[in-house]
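Structure first, then comments.
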Amino acid sequence: MVSIYSKPVTIKSLSYRNALLQSMSNALSQHSHVIIMGQGVDDHKGTFGSTLGLAEKYGKMRVFDIPLSEEGNTGMAVGAALNGVYPIQTHIRTDFSLLAMSQIVNMAAKYKYMYGGHFNVPMLIRLIIGRSWGQGAQHSQSLQSLFAHIPGLQVIMPSNAYSIMSSYDYAVNHYKGPVISFEHRILYDIEFNENVVYDADPFNSKKVREGSDVTIVATSIMVIEALRAADYVQKTLNLNCEIIDLHSVSHMDKKLILDSVKKTGKLFVADTSWQAYGVAAEISRLICEEDPSILKAAVVSIGMQPAPCPTTQSLEKLFYPSIYDFISKLTFLITGKTHIPDENKISEGYKKFKGPF
Amino acid sequence: MVSIYSKPVTIKSLSYRNALLQSMSNALSQHSHVIIMGQGVDDHKGTFGSTLGLAEKYGKMRVFDIPLSEEGNTGMAVGAALNGVYPIQTHIRTDFSLLAMSQIVNMAAKYKYMYGGHFNVPMLIRLIIGRSWGQGAQHSQSLQSLFAHIPGLQVIMPSNAYSIMSSYDYAVNHYKGPVISFEHRILYDIEFNENVVYDADPFNSKKVREGSDVTIVATSIMVIEALRAADYVQKTLNLNCEIIDLHSVSHMDKKLILDSVKKTGKLFVADTSWQAYGVAAEISRLICEEDPSILKAAVVSIGMQPAPCPTTQSLEKLFYPSIYDFISKLTFLITGKTHIPDENKISEGYKKFKGPF
Amino acid sequence: MNFNSNYEELFYQSLRIRMIEEKIAEIYPTDKIQSPVHLSIGQEAVAVGVCHHLKKTDLIYSSYRSHAYFLAKGGDLKAMLAELFGKYDGSGKGKAGSMHLADKSIGMMGSSAIVASTISHGVGSAFASKLLKKEQVVVTTFGDGATEEGSYHESLNLASVFSLPVIFICENNGLAIHSNESQRHAYTIHQHAASYNIKTTYIKEGYDFELIADAMYNIIQDVRENKRPHFVEIKTYRYREHVGIADDHNVPYRSQNEYETWKKMDPLILDQKMVTAFKSEISREIDAAVEFAELSPYPPASELLNDVY
Amino acid sequence: MNFNSNYEELFYQSLRIRMIEEKIAEIYPTDKIQSPVHLSIGQEAVAVGVCHHLKKTDLIYSSYRSHAYFLAKGGDLKAMLAELFGKYDGSGKGKAGSMHLADKSIGMMGSSAIVASTISHGVGSAFASKLLKKEQVVVTTFGDGATEEGSYHESLNLASVFSLPVIFICENNGLAIHSNESQRHAYTIHQHAASYNIKTTYIKEGYDFELIADAMYNIIQDVRENKRPHFVEIKTYRYREHVGIADDHNVPYRSQNEYETWKKMDPLILDQKMVTAFKSEISREIDAAVEFAELSPYPPASELLNDVY
Ligand SMILES: Cc1ncc(C[n+]2csc(CCOP(=O)(O)OP(=O)(O)O)c2C)c(N)n1
Ligand SMILES: Cc1ncc(C[n+]2csc(CCOP(=O)(O)OP(=O)(O)O)c2C)c(N)n1
Ligand SMILES: [Mg+2]
Ligand SMILES: [Mg+2]
């Protein structure tokens, strides 16, 4: 699949949170069969603001809090989808979806195929990745690889507000199967200023920066880090990074990635999870099975360190790759030389997350 | 880690099933704190023969049937392990473990790290992979990649009777953490005649065949297929395959694999699951991050087709790679030429599985 | 078919299901059916009684032991047998097999080989029915073993909290594979279910299709009108082994006596007059369906990667 | 410390926990504690009453809301505060934080941020206790929300079927985050629990540490001797927001009235004489512990990949 850009839009500034809220609101207002179900979707915090006020507007039959029973709730969503409802389910932390794995993997992912194509299970599961402020081992996981391994699931990781807008619109209005979307908690507070363009296939990977020295494939919040790193090495060292926002980790745009790596000869993968059996692994497979000789250097990947997430800030900051790590590894990959990043020249990132949730 | 062979044994012929039964029996007789819990472990079928007669011998407090409640049962095993018991838990199909994912991933895998190293959760979870006779979408999954992505779990796929003997002995007697072992249902009926040697680290990958033309990395029953394919191409085409029995998919022997691929320049990966985010992906990452130039050809991998498993035999036989597929792809990788395998020259495989379970 | 009474009709349907499953058992050793089969022989009256007063637009979910429900809800026998044979004309194009019978057109919405996994689907479909004002009731059926699963608890709570038009049918054959209920349950199923503030009916005569159908008549009406759940436990008995076709009463996990007791109450055994009246007609239908299944082609290779998404 | 009565001792322990948590709330805005904190202010009497008659060798499991249990079971305050500060001398070397307090040496076996995940651990440890003849009882504590999870149902069934020496403590504060119990439960917790054939005790005076301790005395003895489970539901009230330190009674998800009612029954508010008697001593202990936590080093980088397996 190649991205075909179309329908340029010119929204000026939109936060991830507001994009979510707007997407949810659009879905509810456009279709009476859309519901939102999840813990706290109707309370005064409204799923970190992303469902705020919707219960009041669309009624508590359509936007409702649900008991703490992830497997049952997900089965309920599947059953509702089979009878004409489009359920949007939320988990305030990705980690809780492990309790719903059987419904997602054994049922939702297989429903169409297993019964011979006669049934569809259109639904959207929103999973929020926690990070920082001592989320600890059980509130910080980023489990996209688990789902992306399973045929039948569309697994996306929208990296910005516009990606939320187009992906969720597409999920609700066009796509017929289960979509698992990973929303990074840190992204919620970020404003997106650029004019990003809607894509004909909003689930597709997108090239977000042209360059010739290296291909960076990034997911979710790591796209922002990649843009910062690329910005830095451009300004400071005149190096040109090409960046691909992978977006769909289950249905990645293979041609886009291969063409880019063919051009640059170098690959840097920045993902939000552990690397073993993760995004860097799958992209490595893609290249190895196509033509490993397009790689002119060893691949570099960054993600979580291979451990559960420690709570203390002193270890947590080592657990996640910093922008310094990113830049120094990136520079070394491109130039073969060590470079110590100059803090003052790194463009502003996101605000530090201040807890508790 | 490099394999250090030691303690040669000379058992003549042992079926996978009997190795399991013997391992279970050894564990129970050596330690009064070992228990076996699982559906049907104490019935007249005895988990396909692997626990037969043990309840009678060791008592029903130690070998017992358990209600259908995977998450609760696994939590019970974790709690028992924390209080001095070594639990061996069985799932007659891997697919059911999806109901226990939260206990395995959120709890067992993290227990040691999350509390600062003060607790251990020594336990063995035996997951049986179904295949053939219309197991269908929900009784055929091979979910090793899901577990191998998670730090804290030791995930093994014993490919033969001796590997069962040494791995389970090691798990029960030496290892302190949770072990997830995938046993292929088809292996149960196979007799292993070779003198295999115990390894100093029974969880390590093992080279099971020396060769120079290609490196085959295989898991579980695919090791047997690899041996058959290697045998064939040797006899028929005088090609020499090196085979690595990966065994631990979570803690693979990187050096063993890299050294072999450096020597042969070619890599063929044969796994039991889907390829996306699977074993071939992880091994590709290993090579790409070390030195992709050691690959003199594109990597070839085989596994399940990217779909849920269809029930009908007509599609099921296409869903799994056949020995013909294996040989022809392997030959093409080594020689670059098409070869049509001669059925008569392929060594005997395992008996066809005759259902229902 | 014209029937002289409700009894006759229900008898006919139950007998038909039994004869179909006996035919499956007869064919099984030929390996034409390469799929694990979980027979309902002995339990047919439950499915027949439960489905009798359901409308075509009402929905039902079941487990791997679903032949009887598929047929009782009006599923096409040819499509079912073709499915068991792994053929393209099967209800699931051969991809489903015995454990995954479904047919949207008759409201048979799925049957799953993961124990208890469809209980919550019934709840969700009932939610949709209520939200979209469909006037449908939704039935979800499962075994006694399924009640041990966490999602069973979750589903009962959800159905009651949201007051949904779902009927839970627990088909209690006293066994989960070879394990007796008393070993597995600290609770009595229908009493436990009642603690969720759900109306509950206990029927111990699982062989009596008329009694079940009559009870269901009222239940269905209440659930449809008042949009609230109802829980039904029905005691029954499985004649054959858990999976496969054999009579395994030689194995001491259950008693031959119990078997004899149940057989003594089984109308399909007791009322030989009725059996004689219907037998040959049913046989003809079955034979034609078997022939259909035999002749149906296997799905083409192109189906392998179809309908994955 | 020497106490003149049981009341005094229990009061002291409850007050100590409250003052510690109030200190945590005081420190929190400085960002020295970078970890989500779930305070038990208002609920202290439950933990104190539950733990009072437990032996050191008895085990307890808890949730993310576990400061009170950690302390009531005899956990070291310094180790706890150091843990909240993310320091190396913390009970979990800083890797655990507020949500994962544990200390093997006092039988505090774990606290988890996955709701309901430790209920089954209690069952399993009780199984081990019985098998290995340890004469231990095992306590597992959880909130009302946790009872909605499937594994709760599974755990109650397992404990009863295997007759295990486990005490389930449901600390019912009527809320799961901002959601009221009545919205979420079709059942009444202790009645539902009783349907598993488990002895059940309902205590609605969750502020009364003496009453709870007395009830627990008999329960612990019965469970220890007879090796069978017991279920205790204790009504209580959370004074602060779910996570974090604020009083959020300005938000209408619950009523100020209810809060006032509970406060009127709270001995830690009512008995100011006792408060005055103990306050300064407790303050000194807390200040020393805070200083200890401040001075403790962060874990070294080498800890990052330690203890993974
Ligand atoms: C989640 C899950 N665990 C275990 C199994 C294995 N299994 C298949 S059927 C069965 C027994 C179920 O008993 P019950 O619910 O009473 O249904 P019955 O077979 O008696 O109709 C078990 C344990 C499974 N299929 N799914
Ligand atoms: C499995 C799971 N689902 C959801 C959450 C989010 N969550 C954290 S605390 C909580 C409420 C739990 O309420 P309760 O069990 O009554 O305990 P309380 O906080 O009142 O002590 C929820 C929903 C979680 N941590 N784990
Ligand atoms: Mg049963
Ligand atoms: Mg609560």
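So you can find residues: chains in the structure tokens are A, B, ... in the order shown, residues in each start at 1, and ligands are numbered from 1 in order.
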Shell around Leu256 (chain B) at 12 Å using only C-alpha atoms, local window under 2 positions removed, as a tab-separated table (two decimals) with all heavy atoms, in the first residue's frame:
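Output saved as out-v6.tsv:
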```tsv
chain	number	residue	atom	x	y	z
B	1	MET	N	25.61	-16.90	25.99
B	1	MET	CA	25.74	-18.24	26.56
B	1	MET	C	26.15	-19.25	25.49
B	1	MET	O	25.53	-19.31	24.43
B	1	MET	CB	24.40	-18.70	27.15
B	1	MET	CG	24.01	-17.98	28.43
B	1	MET	SD	22.51	-18.68	29.10
B	1	MET	CE	21.31	-18.22	27.84
B	2	VAL	N	27.12	-20.05	25.78
B	2	VAL	CA	27.53	-21.10	24.85
B	2	VAL	C	27.17	-22.44	25.50
B	2	VAL	O	27.32	-22.62	26.70
B	2	VAL	CB	29.05	-21.06	24.59
B	2	VAL	CG1	29.41	-22.02	23.48
B	2	VAL	CG2	29.48	-19.65	24.28
B	3	SER	N	26.70	-23.34	24.70
B	3	SER	CA	26.37	-24.66	25.24
B	3	SER	C	27.64	-25.35	25.71
B	3	SER	O	28.64	-25.39	25.01
B	3	SER	CB	25.75	-25.53	24.16
B	3	SER	OG	24.59	-24.93	23.68
B	4	ILE	N	27.56	-25.89	26.88
B	4	ILE	CA	28.67	-26.74	27.33
B	4	ILE	C	28.08	-28.13	27.54
B	4	ILE	O	27.25	-28.33	28.43
B	4	ILE	CB	29.28	-26.22	28.65
B	4	ILE	CG1	29.74	-24.77	28.46
B	4	ILE	CG2	30.41	-27.12	29.12
B	4	ILE	CD1	29.79	-24.02	29.76
B	204	ASN	N	19.27	-23.58	27.22
B	204	ASN	CA	19.97	-22.94	26.13
B	204	ASN	C	19.62	-23.54	24.76
B	204	ASN	O	19.18	-24.67	24.67
B	204	ASN	CB	21.47	-23.06	26.35
B	204	ASN	CG	22.21	-21.87	25.79
B	204	ASN	OD1	21.61	-21.03	25.11
B	204	ASN	ND2	23.50	-21.78	26.04
B	205	SER	N	19.83	-22.74	23.72
B	205	SER	CA	19.71	-23.23	22.35
B	205	SER	C	20.80	-24.27	22.10
B	205	SER	O	21.85	-24.23	22.73
B	205	SER	CB	19.89	-22.08	21.35
B	205	SER	OG	19.09	-20.98	21.71
B	206	LYS	N	20.53	-25.17	21.16
B	206	LYS	CA	21.50	-26.24	20.91
B	206	LYS	C	21.72	-26.44	19.42
B	206	LYS	O	20.77	-26.43	18.65
B	206	LYS	CB	20.99	-27.56	21.48
B	206	LYS	CG	21.10	-27.67	22.96
B	206	LYS	CD	20.39	-28.91	23.50
B	206	LYS	CE	20.23	-28.81	25.00
B	206	LYS	NZ	19.40	-27.65	25.42
B	207	LYS	N	22.96	-26.66	19.06
B	207	LYS	CA	23.23	-27.02	17.68
B	207	LYS	C	22.98	-28.52	17.56
B	207	LYS	O	23.60	-29.31	18.27
B	207	LYS	CB	24.68	-26.70	17.32
B	207	LYS	CG	24.94	-26.80	15.83
B	207	LYS	CD	26.42	-26.62	15.52
B	207	LYS	CE	26.85	-25.17	15.65
B	207	LYS	NZ	28.28	-25.00	15.27
B	208	VAL	N	22.07	-28.92	16.70
B	208	VAL	CA	21.76	-30.34	16.62
B	208	VAL	C	22.27	-30.97	15.33
B	208	VAL	O	22.15	-32.18	15.12
B	208	VAL	CB	20.24	-30.61	16.78
B	208	VAL	CG1	19.79	-30.27	18.19
B	208	VAL	CG2	19.42	-29.84	15.76
B	210	GLU	N	25.59	-30.20	12.35
B	210	GLU	CA	26.64	-29.34	11.81
B	210	GLU	C	26.49	-29.26	10.31
B	210	GLU	O	26.15	-30.25	9.66
B	210	GLU	CB	28.03	-29.94	12.12
B	210	GLU	CG	28.47	-29.86	13.56
B	210	GLU	CD	29.23	-28.56	13.89
B	210	GLU	OE1	29.46	-27.74	12.97
B	210	GLU	OE2	29.56	-28.38	15.08
B	215	THR	N	22.08	-22.05	7.71
B	215	THR	CA	21.72	-22.21	9.12
B	215	THR	C	20.21	-22.31	9.21
B	215	THR	O	19.51	-21.40	8.76
B	215	THR	CB	22.19	-21.00	9.94
B	215	THR	OG1	23.60	-20.87	9.80
B	215	THR	CG2	21.81	-21.16	11.41
B	216	ILE	N	19.72	-23.40	9.77
B	216	ILE	CA	18.29	-23.49	10.02
B	216	ILE	C	18.08	-23.30	11.52
B	216	ILE	O	18.65	-24.04	12.33
B	216	ILE	CB	17.72	-24.86	9.62
B	216	ILE	CG1	18.05	-25.18	8.15
B	216	ILE	CG2	16.20	-24.89	9.84
B	216	ILE	CD1	17.56	-26.57	7.70
B	217	VAL	N	17.29	-22.32	11.87
B	217	VAL	CA	16.90	-22.17	13.28
B	217	VAL	C	15.46	-22.64	13.38
B	217	VAL	O	14.59	-22.15	12.65
B	217	VAL	CB	17.03	-20.72	13.77
B	217	VAL	CG1	16.58	-20.62	15.22
B	217	VAL	CG2	18.46	-20.23	13.62
B	242	GLU	N	23.20	-26.69	8.73
B	242	GLU	CA	23.43	-26.61	10.17
B	242	GLU	C	22.08	-26.32	10.82
B	242	GLU	O	21.31	-25.50	10.31
B	242	GLU	CB	24.42	-25.47	10.46
B	242	GLU	CG	24.76	-25.35	11.92
B	242	GLU	CD	26.24	-24.98	12.10
B	242	GLU	OE1	27.11	-25.68	11.55
B	242	GLU	OE2	26.49	-23.98	12.80
B	243	ILE	N	21.79	-27.03	11.88
B	243	ILE	CA	20.48	-26.82	12.52
B	243	ILE	C	20.66	-26.41	13.98
B	243	ILE	O	21.38	-27.07	14.74
B	243	ILE	CB	19.61	-28.10	12.47
B	243	ILE	CG1	19.40	-28.52	11.01
B	243	ILE	CG2	18.25	-27.85	13.15
B	243	ILE	CD1	18.58	-29.80	10.85
B	244	ILE	N	19.99	-25.34	14.32
B	244	ILE	CA	19.97	-24.91	15.73
B	244	ILE	C	18.56	-25.10	16.27
B	244	ILE	O	17.60	-24.58	15.71
B	244	ILE	CB	20.42	-23.44	15.87
B	244	ILE	CG1	21.90	-23.32	15.51
B	244	ILE	CG2	20.17	-22.93	17.29
B	244	ILE	CD1	22.41	-21.91	15.40
B	245	ASP	N	18.50	-25.88	17.32
B	245	ASP	CA	17.23	-26.04	18.04
B	245	ASP	C	17.15	-24.86	19.00
B	245	ASP	O	17.86	-24.83	20.01
B	245	ASP	CB	17.28	-27.39	18.80
B	245	ASP	CG	16.02	-27.63	19.61
B	245	ASP	OD1	15.18	-26.71	19.74
B	245	ASP	OD2	15.89	-28.76	20.14
B	246	LEU	N	16.32	-23.91	18.69
B	246	LEU	CA	16.32	-22.65	19.44
B	246	LEU	C	15.98	-22.86	20.92
B	246	LEU	O	16.53	-22.23	21.80
B	246	LEU	CB	15.32	-21.67	18.81
B	246	LEU	CG	15.42	-20.23	19.28
B	246	LEU	CD1	16.79	-19.64	19.00
B	246	LEU	CD2	14.32	-19.39	18.66
B	251	HIS	N	15.30	-16.50	25.68
B	251	HIS	CA	16.71	-16.32	26.01
B	251	HIS	C	17.54	-17.10	25.01
B	251	HIS	O	18.21	-18.07	25.36
B	251	HIS	CB	17.01	-16.81	27.44
B	251	HIS	CG	16.33	-16.04	28.52
B	251	HIS	ND1	14.96	-16.08	28.72
B	251	HIS	CD2	16.80	-15.18	29.46
B	251	HIS	CE1	14.64	-15.30	29.75
B	251	HIS	NE2	15.73	-14.74	30.21
B	252	MET	N	17.46	-16.72	23.75
B	252	MET	CA	18.15	-17.50	22.74
B	252	MET	C	19.66	-17.31	22.82
B	252	MET	O	20.14	-16.29	23.30
B	252	MET	CB	17.63	-17.17	21.35
B	252	MET	CG	17.53	-15.70	21.02
B	252	MET	SD	16.88	-15.40	19.34
B	252	MET	CE	15.15	-15.79	19.51
B	253	ASP	N	20.37	-18.29	22.34
B	253	ASP	CA	21.82	-18.23	22.36
B	253	ASP	C	22.29	-17.41	21.15
B	253	ASP	O	22.47	-17.93	20.06
B	253	ASP	CB	22.40	-19.64	22.32
B	253	ASP	CG	23.89	-19.65	22.56
B	253	ASP	OD1	24.57	-18.65	22.23
B	253	ASP	OD2	24.39	-20.66	23.07
B	254	LYS	N	22.49	-16.13	21.39
B	254	LYS	CA	22.79	-15.22	20.29
B	254	LYS	C	24.09	-15.57	19.59
B	254	LYS	O	24.18	-15.54	18.37
B	254	LYS	CB	22.87	-13.79	20.82
B	254	LYS	CG	21.54	-13.34	21.38
B	254	LYS	CD	21.55	-11.90	21.82
B	254	LYS	CE	20.15	-11.60	22.38
B	254	LYS	NZ	20.09	-10.30	23.04
B	258	LEU	N	24.63	-16.33	15.68
B	258	LEU	CA	25.45	-15.42	14.88
B	258	LEU	C	26.66	-16.14	14.28
B	258	LEU	O	26.98	-15.97	13.11
B	258	LEU	CB	25.90	-14.23	15.73
B	258	LEU	CG	24.81	-13.21	16.05
B	258	LEU	CD1	25.29	-12.23	17.11
B	258	LEU	CD2	24.36	-12.45	14.79
B	259	ASP	N	27.31	-16.95	15.10
B	259	ASP	CA	28.47	-17.68	14.60
B	259	ASP	C	28.10	-18.58	13.44
B	259	ASP	O	28.81	-18.69	12.45
B	259	ASP	CB	29.11	-18.52	15.72
B	259	ASP	CG	29.90	-17.65	16.70
B	259	ASP	OD1	30.10	-16.45	16.39
B	259	ASP	OD2	30.28	-18.16	17.77
B	260	SER	N	26.97	-19.22	13.58
B	260	SER	CA	26.54	-20.13	12.53
B	260	SER	C	26.22	-19.37	11.25
B	260	SER	O	26.63	-19.75	10.15
B	260	SER	CB	25.32	-20.92	13.01
B	260	SER	OG	24.85	-21.75	11.98
B	261	VAL	N	25.48	-18.28	11.39
B	261	VAL	CA	25.11	-17.51	10.19
B	261	VAL	C	26.33	-16.87	9.56
B	261	VAL	O	26.44	-16.77	8.33
B	261	VAL	CB	24.02	-16.46	10.51
B	261	VAL	CG1	23.70	-15.62	9.28
B	261	VAL	CG2	22.75	-17.14	11.01
B	262	LYS	N	27.29	-16.47	10.40
B	262	LYS	CA	28.54	-15.95	9.85
B	262	LYS	C	29.21	-16.99	8.97
B	262	LYS	O	29.74	-16.69	7.91
B	262	LYS	CB	29.49	-15.58	11.01
B	262	LYS	CG	29.53	-14.09	11.30
B	262	LYS	CD	30.41	-13.80	12.50
B	262	LYS	CE	29.75	-12.69	13.32
B	262	LYS	NZ	30.23	-12.63	14.71
B	263	LYS	N	29.14	-18.22	9.43
B	263	LYS	CA	29.78	-19.32	8.69
B	263	LYS	C	29.03	-19.64	7.40
B	263	LYS	O	29.62	-19.75	6.34
B	263	LYS	CB	29.83	-20.55	9.60
B	263	LYS	CG	30.43	-21.79	8.97
B	263	LYS	CD	30.56	-22.93	9.98
B	263	LYS	CE	29.20	-23.53	10.35
B	263	LYS	NZ	29.31	-24.66	11.29
B	283	ILE	N	14.98	-13.12	15.41
B	283	ILE	CA	16.31	-13.52	14.95
B	283	ILE	C	16.81	-12.54	13.88
B	283	ILE	O	17.99	-12.20	13.84
B	283	ILE	CB	16.29	-14.97	14.44
B	283	ILE	CG1	15.96	-15.90	15.61
B	283	ILE	CG2	17.63	-15.36	13.81
B	283	ILE	CD1	15.79	-17.34	15.24
B	286	LEU	N	18.19	-9.65	15.72
B	286	LEU	CA	19.49	-10.00	16.28
B	286	LEU	C	20.59	-9.78	15.24
B	286	LEU	O	21.63	-9.15	15.52
B	286	LEU	CB	19.44	-11.47	16.70
B	286	LEU	CG	20.71	-12.16	17.12
B	286	LEU	CD1	21.22	-11.54	18.41
B	286	LEU	CD2	20.46	-13.66	17.33
B	287	ILE	N	20.36	-10.29	14.06
B	287	ILE	CA	21.38	-10.17	13.01
B	287	ILE	C	21.50	-8.73	12.51
B	287	ILE	O	22.60	-8.20	12.37
B	287	ILE	CB	21.06	-11.14	11.86
B	287	ILE	CG1	21.19	-12.57	12.37
B	287	ILE	CG2	21.98	-10.89	10.66
B	287	ILE	CD1	20.75	-13.63	11.40
```
Mind running chain D against ligand 2 at 10 Å and telling me each contacting residue's nearest atom pair with the distance in Å (one decimal), counting only C-alpha atoms and all ligand atoms, chain and number ascending, as JSON lines?
```
{"residue": "D:His38", "atom": "CA", "partner": "ligand 2", "partner_atom_place_in_ligand_line": "19 (O)", "distance": 7.4}
{"residue": "D:Leu39", "atom": "CA", "partner": "ligand 2", "partner_atom_place_in_ligand_line": "21 (O)", "distance": 8.7}
{"residue": "D:Ser40", "atom": "CA", "partner": "ligand 2", "partner_atom_place_in_ligand_line": "21 (O)", "distance": 8.0}
{"residue": "D:Gln43", "atom": "CA", "partner": "ligand 2", "partner_atom_place_in_ligand_line": "21 (O)", "distance": 9.3}
{"residue": "D:Ser62", "atom": "CA", "partner": "ligand 2", "partner_atom_place_in_ligand_line": "21 (O)", "distance": 9.9}
{"residue": "D:Ser63", "atom": "CA", "partner": "ligand 2", "partner_atom_place_in_ligand_line": "21 (O)", "distance": 7.6}
{"residue": "D:Tyr64", "atom": "CA", "partner": "ligand 2", "partner_atom_place_in_ligand_line": "9 (S)", "distance": 7.7}
{"residue": "D:Arg65", "atom": "CA", "partner": "ligand 2", "partner_atom_place_in_ligand_line": "21 (O)", "distance": 5.8}
{"residue": "D:Ser66", "atom": "CA", "partner": "ligand 2", "partner_atom_place_in_ligand_line": "21 (O)", "distance": 8.9}
{"residue": "D:Ser112", "atom": "CA", "partner": "ligand 2", "partner_atom_place_in_ligand_line": "25 (N)", "distance": 8.4}
{"residue": "D:Ala113", "atom": "CA", "partner": "ligand 2", "partner_atom_place_in_ligand_line": "25 (N)", "distance": 5.0}
{"residue": "D:Ile114", "atom": "CA", "partner": "ligand 2", "partner_atom_place_in_ligand_line": "26 (N)", "distance": 3.8}
{"residue": "D:Val115", "atom": "CA", "partner": "ligand 2", "partner_atom_place_in_ligand_line": "26 (N)", "distance": 4.0}
{"residue": "D:Ala116", "atom": "CA", "partner": "ligand 2", "partner_atom_place_in_ligand_line": "1 (C)", "distance": 6.8}
{"residue": "D:Ser117", "atom": "CA", "partner": "ligand 2", "partner_atom_place_in_ligand_line": "1 (C)", "distance": 7.5}
{"residue": "D:Thr141", "atom": "CA", "partner": "ligand 2", "partner_atom_place_in_ligand_line": "21 (O)", "distance": 9.5}
{"residue": "D:Phe142", "atom": "CA", "partner": "ligand 2", "partner_atom_place_in_ligand_line": "15 (O)", "distance": 5.8}
{"residue": "D:Gly143", "atom": "CA", "partner": "ligand 2", "partner_atom_place_in_ligand_line": "15 (O)", "distance": 3.4}
{"residue": "D:Asp144", "atom": "CA", "partner": "ligand 2", "partner_atom_place_in_ligand_line": "16 (O)", "distance": 3.9}
{"residue": "D:Gly145", "atom": "CA", "partner": "ligand 2", "partner_atom_place_in_ligand_line": "15 (O)", "distance": 3.4}
{"residue": "D:Ala146", "atom": "CA", "partner": "ligand 2", "partner_atom_place_in_ligand_line": "15 (O)", "distance": 3.9}
{"residue": "D:Thr147", "atom": "CA", "partner": "ligand 2", "partner_atom_place_in_ligand_line": "15 (O)", "distance": 7.0}
{"residue": "D:Glu148", "atom": "CA", "partner": "ligand 2", "partner_atom_place_in_ligand_line": "15 (O)", "distance": 8.3}
{"residue": "D:Glu149", "atom": "CA", "partner": "ligand 2", "partner_atom_place_in_ligand_line": "1 (C)", "distance": 7.6}
{"residue": "D:Cys170", "atom": "CA", "partner": "ligand 2", "partner_atom_place_in_ligand_line": "15 (O)", "distance": 8.5}
{"residue": "D:Glu171", "atom": "CA", "partner": "ligand 2", "partner_atom_place_in_ligand_line": "21 (O)", "distance": 7.1}
{"residue": "D:Asn172", "atom": "CA", "partner": "ligand 2", "partner_atom_place_in_ligand_line": "16 (O)", "distance": 6.3}
{"residue": "D:Asn173", "atom": "CA", "partner": "ligand 2", "partner_atom_place_in_ligand_line": "20 (O)", "distance": 5.7}
{"residue": "D:Gly174", "atom": "CA", "partner": "ligand 2", "partner_atom_place_in_ligand_line": "16 (O)", "distance": 6.7}
{"residue": "D:Leu175", "atom": "CA", "partner": "ligand 2", "partner_atom_place_in_ligand_line": "20 (O)", "distance": 5.0}
{"residue": "D:Ala176", "atom": "CA", "partner": "ligand 2", "partner_atom_place_in_ligand_line": "13 (O)", "distance": 3.4}
{"residue": "D:Ile177", "atom": "CA", "partner": "ligand 2", "partner_atom_place_in_ligand_line": "11 (C)", "distance": 4.7}
{"residue": "D:His178", "atom": "CA", "partner": "ligand 2", "partner_atom_place_in_ligand_line": "11 (C)", "distance": 8.2}
{"residue": "D:Ser179", "atom": "CA", "partner": "ligand 2", "partner_atom_place_in_ligand_line": "11 (C)", "distance": 8.3}
{"residue": "D:Asn180", "atom": "CA", "partner": "ligand 2", "partner_atom_place_in_ligand_line": "16 (O)", "distance": 9.1}
{"residue": "D:Glu181", "atom": "CA", "partner": "ligand 2", "partner_atom_place_in_ligand_line": "16 (O)", "distance": 8.2}
{"residue": "D:Thr236", "atom": "CA", "partner": "ligand 2", "partner_atom_place_in_ligand_line": "20 (O)", "distance": 9.7}
{"residue": "D:Tyr237", "atom": "CA", "partner": "ligand 2", "partner_atom_place_in_ligand_line": "20 (O)", "distance": 9.0}
{"residue": "D:Arg238", "atom": "CA", "partner": "ligand 2", "partner_atom_place_in_ligand_line": "20 (O)", "distance": 7.6}
{"residue": "D:Glu241", "atom": "CA", "partner": "ligand 2", "partner_atom_place_in_ligand_line": "19 (O)", "distance": 9.5}
{"residue": "D:His242", "atom": "CA", "partner": "ligand 2", "partner_atom_place_in_ligand_line": "19 (O)", "distance": 6.1}
{"residue": "D:Val243", "atom": "CA", "partner": "ligand 2", "partner_atom_place_in_ligand_line": "19 (O)", "distance": 8.0}
```
Notebook entry, point to check: Would you list which chain A residues are within 10 Å of chain D using only C-alpha atoms, as an NGL selection string?
Noted result: :A and (39-40 or 42-45 or 65-72 or 95-96 or 99 or 132-139 or 305-319 or 354-357)
